[in-house]
>>> print(open('model.txt').read())   # compact mmCIF, C-alpha atoms
# COMPACT_ATOMS: atom_id res chain seq x y z
CA MET I 1 -13.67 8.45 -10.34
CA ASP I 2 -17.36 8.26 -9.45
CA THR I 3 -18.56 8.62 -5.84
CA ASN I 4 -18.82 4.88 -5.18
CA ILE I 5 -15.27 4.34 -6.39
CA ASP I 6 -14.11 7.34 -4.31
CA LYS I 7 -15.62 5.81 -1.18
CA THR I 8 -14.09 2.42 -1.81
CA PHE I 9 -10.77 4.06 -2.68
CA ASP I 10 -10.84 5.86 0.69
CA ASP I 11 -11.74 2.58 2.43
CA LEU I 12 -8.78 0.91 0.74
CA ILE I 13 -6.45 3.74 1.82
CA ASP I 14 -7.75 3.39 5.40
CA LEU I 15 -7.03 -0.35 5.34
CA MET I 16 -3.53 0.31 3.99
CA LEU I 17 -2.79 2.77 6.81
CA ILE I 18 -4.16 0.44 9.51
CA GLN I 19 -1.95 -2.39 8.23
CA ALA I 20 1.12 -0.13 7.99
CA GLN I 21 0.52 1.07 11.55
CA LYS I 22 0.43 -2.55 12.79
CA PHE I 23 3.67 -3.38 10.98
CA LEU I 24 5.36 -0.25 12.33
CA GLU I 25 4.21 -0.88 15.91
CA GLU I 26 5.39 -4.50 15.80
CA LEU I 27 8.56 -4.17 13.72
CA GLY I 28 9.44 -0.48 13.37
CA GLU I 29 9.44 -0.85 9.56
CA PHE I 30 7.79 -2.94 6.87
CA PHE I 31 8.38 -4.63 3.53
CA PRO I 32 5.99 -3.62 0.71
CA TYR I 33 2.53 -5.16 0.94
CA ALA I 34 -0.68 -4.81 -1.05
CA SER I 35 -4.42 -4.57 -0.48
CA VAL I 36 -7.21 -4.98 -2.99
CA LEU I 37 -10.91 -4.33 -3.33
CA SER I 38 -12.42 -7.35 -5.06
CA SER I 39 -15.27 -7.23 -7.53
CA GLU I 40 -17.42 -8.73 -4.72
CA GLY I 41 -16.71 -5.65 -2.58
CA GLU I 42 -14.29 -7.41 -0.21
CA LEU I 43 -11.15 -5.68 1.08
CA SER I 44 -8.12 -7.89 1.69
CA THR I 45 -4.43 -7.42 2.43
CA LEU I 46 -1.73 -9.39 0.62
CA GLY I 47 1.82 -10.07 1.69
CA ILE I 48 4.77 -11.51 -0.15
CA TYR I 49 7.38 -13.97 0.99
CA ASN I 50 10.29 -15.28 -1.04
CA ASP I 51 12.74 -17.57 0.69
CA ASP I 52 14.22 -18.83 -2.59
CA ASP I 53 15.77 -15.52 -3.69
CA SER I 54 18.32 -14.09 -1.25
CA ASP I 55 18.39 -10.93 -3.38
CA PHE I 56 14.62 -10.35 -3.21
CA THR I 57 14.37 -6.58 -2.83
CA ALA I 58 11.54 -4.18 -2.04
CA LYS I 59 11.67 -3.10 -5.70
CA LYS I 60 11.11 -6.69 -6.84
CA ALA I 61 8.20 -7.05 -4.41
CA ILE I 62 6.61 -3.85 -5.74
CA ASP I 63 7.00 -5.11 -9.32
CA VAL I 64 5.36 -8.45 -8.40
CA PHE I 65 2.44 -6.67 -6.70
CA GLN I 66 1.98 -4.24 -9.63
CA ASN I 67 1.95 -7.06 -12.18
CA ASN I 68 -0.43 -9.23 -10.13
CA ILE I 69 -2.82 -6.35 -9.41
CA GLN I 70 -2.84 -5.38 -13.10
CA LYS I 71 -3.68 -8.97 -14.12
CA GLU I 72 -6.45 -9.23 -11.51
CA ILE I 73 -7.97 -5.91 -12.65
CA GLU I 74 -7.82 -7.07 -16.28
CA ASN I 75 -9.60 -10.35 -15.49
CA GLY I 76 -12.26 -8.50 -13.46
CA SER I 77 -11.65 -10.01 -10.02
CA VAL I 78 -10.21 -6.77 -8.57
CA LEU I 79 -11.66 -3.24 -8.83
CA ILE I 80 -8.88 -1.29 -7.09
CA GLY I 81 -5.43 -2.35 -5.92
CA ALA I 82 -2.91 -0.57 -3.72
CA ILE I 83 0.68 -1.08 -2.57
CA GLY I 84 2.07 0.20 0.73
CA ILE I 85 5.74 1.18 0.85
CA ASP I 86 7.83 2.44 3.79
CA VAL I 87 9.76 5.46 2.44
CA LEU I 88 12.01 8.28 3.58
CA ILE I 89 11.24 11.77 2.25
CA LYS I 90 14.76 12.89 1.34
CA GLU I 91 14.09 16.63 1.33
CA THR I 92 12.87 16.65 4.93
CA ASN I 93 14.41 13.39 6.22
CA GLU I 94 10.96 12.26 7.43
CA ASN I 95 9.46 8.78 7.37
CA ALA I 96 6.32 8.24 5.33
CA ILE I 97 3.96 5.56 4.16
CA MET I 98 3.59 5.73 0.39
CA VAL I 99 0.37 4.25 -0.94
CA LYS I 100 0.29 3.60 -4.69
CA ALA I 101 -3.21 2.78 -5.95
CA THR I 102 -4.75 1.95 -9.31
CA GLU I 103 -8.15 1.16 -10.74
CA ASP I 104 -6.92 0.21 -14.21
CA GLY I 105 -3.54 -1.42 -13.49
CA ILE I 106 -1.78 1.15 -15.69
CA LYS I 107 -2.03 4.56 -14.03
CA TRP I 108 -0.87 4.54 -10.39
CA HIS I 109 -1.79 7.36 -7.99
CA GLU I 110 0.60 8.03 -5.10
CA ARG I 111 -0.20 9.44 -1.67
CA ASN I 112 2.33 9.92 1.12
CA PHE I 113 1.47 9.95 4.82
CA LEU I 114 4.13 11.12 7.28
CA TYR I 115 4.51 9.06 10.43
CA THR I 116 6.45 9.12 13.69
CA ILE I 117 7.14 6.37 16.20
CA LYS I 118 7.50 7.34 19.84
CA ASP I 119 7.54 4.71 22.63
CA ASN I 120 6.20 2.11 20.16
CA VAL I 121 3.21 4.32 19.38
CA VAL I 122 2.78 5.20 15.71
CA GLU I 123 1.27 8.54 14.78
CA ILE I 124 0.21 8.81 11.13
CA GLU I 125 -0.40 12.29 9.82
CA LYS I 126 -2.87 13.17 7.12
CA TYR I 127 -2.05 12.93 3.44
CA ILE I 128 0.75 15.21 2.23
CA PRO I 129 0.68 16.27 -1.42
>>> encode(input="model.txt", output="structure tokens")
Amino acid sequence: MDTNIDKTFDDLIDLMLIQAQKFLEELGEFFPYASVLSSEGELSTLGIYNDDDSDFTAKKAIDVFQNNIQKEIENGSVLIGAIGIDVLIKETNENAIMVKATEDGIKWHERNFLYTIKDNVVEIEKYIP
């Protein structure tokens, strides 16, 4: 990645963490969501809602986001896309925000950020490899 892409990638990660923090403070958890950096340089967050499918799982939502982000990258309207997922690190039994990001729609990079909630205050720790 060149330096401009690195900066925008970091901006996108920051947006993802801000949105996750809001979800966690309001609800204590969250369904997968996505954010994108458009070719015009705009950052935006996307949600998903499916009332027609009672079996609409987080996995299905992730698949929908991945497919849509890939298509938008291919048609040139999106430069970078990311998906935020609320996960549990099994080895340590800790909560984390997983951010999966891509600039080509094919290779997805994952970063995990541990978090804790105490008295409705969310503390997000730095990236854990």
>>> closest_residue(input="model.txt", among="I:Asn93, I:Ser77, I:Ser35, I:Ser44", to="Phe65 (chain I)", atoms="all atoms listed in the file")
I:Ser35
>>> residues_around(input="model.txt", residues="Ile117 (chain I)", least_positions_apart="5", cutoff="12 Å", atoms="only C-alpha atoms", output="list in words")
Gln21, Lys22, Phe23, Leu24, Glu25, Glu26, Leu27, Gly28, Glu29, Glu94, Asn95, Ala96, Val122, Glu123, Ile124 and Glu125 of chain I
>>> closest_atom_pairs(input="model.txt", of="region 97-119 of chain I", to="region 82-92 of chain I", cutoff="9 Å", atoms="only C-alpha atoms", output="JSON lines")
{"residue": "I:Ile97", "atom": "CA", "partner": "I:Asp86", "partner_atom": "CA", "distance": 5.0}
{"residue": "I:Met98", "atom": "CA", "partner": "I:Ile85", "partner_atom": "CA", "distance": 5.1}
{"residue": "I:Val99", "atom": "CA", "partner": "I:Gly84", "partner_atom": "CA", "distance": 4.7}
{"residue": "I:Lys100", "atom": "CA", "partner": "I:Ile83", "partner_atom": "CA", "distance": 5.2}
{"residue": "I:Ala101", "atom": "CA", "partner": "I:Ala82", "partner_atom": "CA", "distance": 4.0}
{"residue": "I:Thr102", "atom": "CA", "partner": "I:Ala82", "partner_atom": "CA", "distance": 6.4}
{"residue": "I:Glu103", "atom": "CA", "partner": "I:Ala82", "partner_atom": "CA", "distance": 8.9}
{"residue": "I:Trp108", "atom": "CA", "partner": "I:Ala82", "partner_atom": "CA", "distance": 8.6}
{"residue": "I:Asn112", "atom": "CA", "partner": "I:Val87", "partner_atom": "CA", "distance": 8.8}
{"residue": "I:Leu114", "atom": "CA", "partner": "I:Ile89", "partner_atom": "CA", "distance": 8.7}
>>> atom_distance(input="model.txt", atom1="CA of Leu17 (chain I)", atom2="CA of Val64 (chain I)")
20.6 Å
>>> closest_residue(input="model.txt", among="I:Asn120, I:Glu110, I:Leu79, I:Lys126", to="Glu42 (chain I)", atoms="all atoms listed in the file")
I:Leu79
>>> closest_residue(input="model.txt", among="I:Ile106, I:Ala20, I:Ile13, I:Leu37", to="Ile80 (chain I)", atoms="all atoms listed in the file")
I:Leu37
>>> atom_distance(input="model.txt", atom1="CA of Thr45 (chain I)", atom2="CA of Ala58 (chain I)")
16.9 Å
>>> atom_distance(input="model.txt", atom1="CA of Gly41 (chain I)", atom2="CA of Asn75 (chain I)")
15.5 Å
